[in-house]
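Student: Would you mind keeping the following structure in view while I ask a few things?
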Amino acid sequence: MSVYINDTCINCGACIDECPVEAIVDEDDNPTGEEIYYVYSNKCVECVGYHDEPACATACPTDGCITWDAIGESPSHRDEITEEQRSNKAPVVE
Ligand code: SF4
Ligand code: SF4
C-alpha cells in the first residue's frame, strides 16, 4: 500500500479525478466489497513527481480519511514519511 482510504470515507468522489495515475476506484469497483472508495497500492505513487503532497488527501473533505500505509509494491513513494507514520496509519493531512 501507499496511501489508504479508511471506513470514514463518505463516497463524495472528490478524490478520484485528482489522482494522476488513476489509482482510485469508487465503491462500485472496490475489490474488497466495502462500500467506500479504494486505492490500488500497486498504482499509487503518493503523487511523487506530480504534487507536493498526495492530491487525493488534499481534496478529501473528511478528516483523517486518507492515511499513510506501508509501501508495498508501489513504484515510488515519499521518502520523508517515517515507518511509524506508515505503521500507525497516520492521516496524510493533519
Ligand atoms: S496519493 Fe496521489 S497517486 Fe496515490 S491515490 Fe492519492 S492522488 Fe493517486
Ligand atoms: S474524497 Fe475522501 S470522503 Fe470523498 S470519496 Fe475520496 S476518500 Fe472518500
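In the C-alpha cells, chains take letters A, B, ... by order of appearance, with residues numbered from 1 within each chain and ligands from 1 in the order shown.
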If you count only C-alpha atoms, which residues fall within 10 Å of Pro54 (chain A), apart from same-chain ones fewer than 5 positions away, as an MDAnalysis selection string?
Tutor: chainID A and resid 3 15 18:20 44:48 59 66 68 78 92:93
Student: Name the residues in contact with Tyr37 (chain A) at a cut-off of 12 Å, using only C-alpha atoms, excluding same-chain residues fewer than 4 positions from it; report them as JSON, numbers by chain.
Tutor: {"A": [4, 5, 6, 7, 8, 9, 10, 11, 12, 13, 14, 15, 16, 23, 24, 25, 26, 27, 28, 29, 30, 31, 32, 33, 56, 60, 65, 66]}
Student: Could you pull out the strand (DSSP E or B) residues of chain A, going by DSSP on the backbone, and write them as a ChimeraX atom specification?
Tutor: /A:3-5,24-25,38-39,66-68,91
Student: How many Å lie between CA of Val21 (chain A) and CA of Glu53 (chain A), rounded to one decimal?
Tutor: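 Atom-to-atom, CA of Val21 (chain A) to CA of Glu53 (chain A), that is 14.2 Å.
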Student: Restricting the calculation to only C-alpha atoms and all ligand atoms, which member of A:Glu94, A:Glu73, A:Asp17, A:Glu84 is positioned closest to ligand 1?
Tutor: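 Using only C-alpha atoms and all ligand atoms, ligand 1 sits closest to A:Asp17.
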Student: One number please: CA of Tyr50 (chain A) to CA of Pro75 (chain A), in Å, one decimal.
Tutor: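 Here the two named atoms are 13.7 Å from each other.
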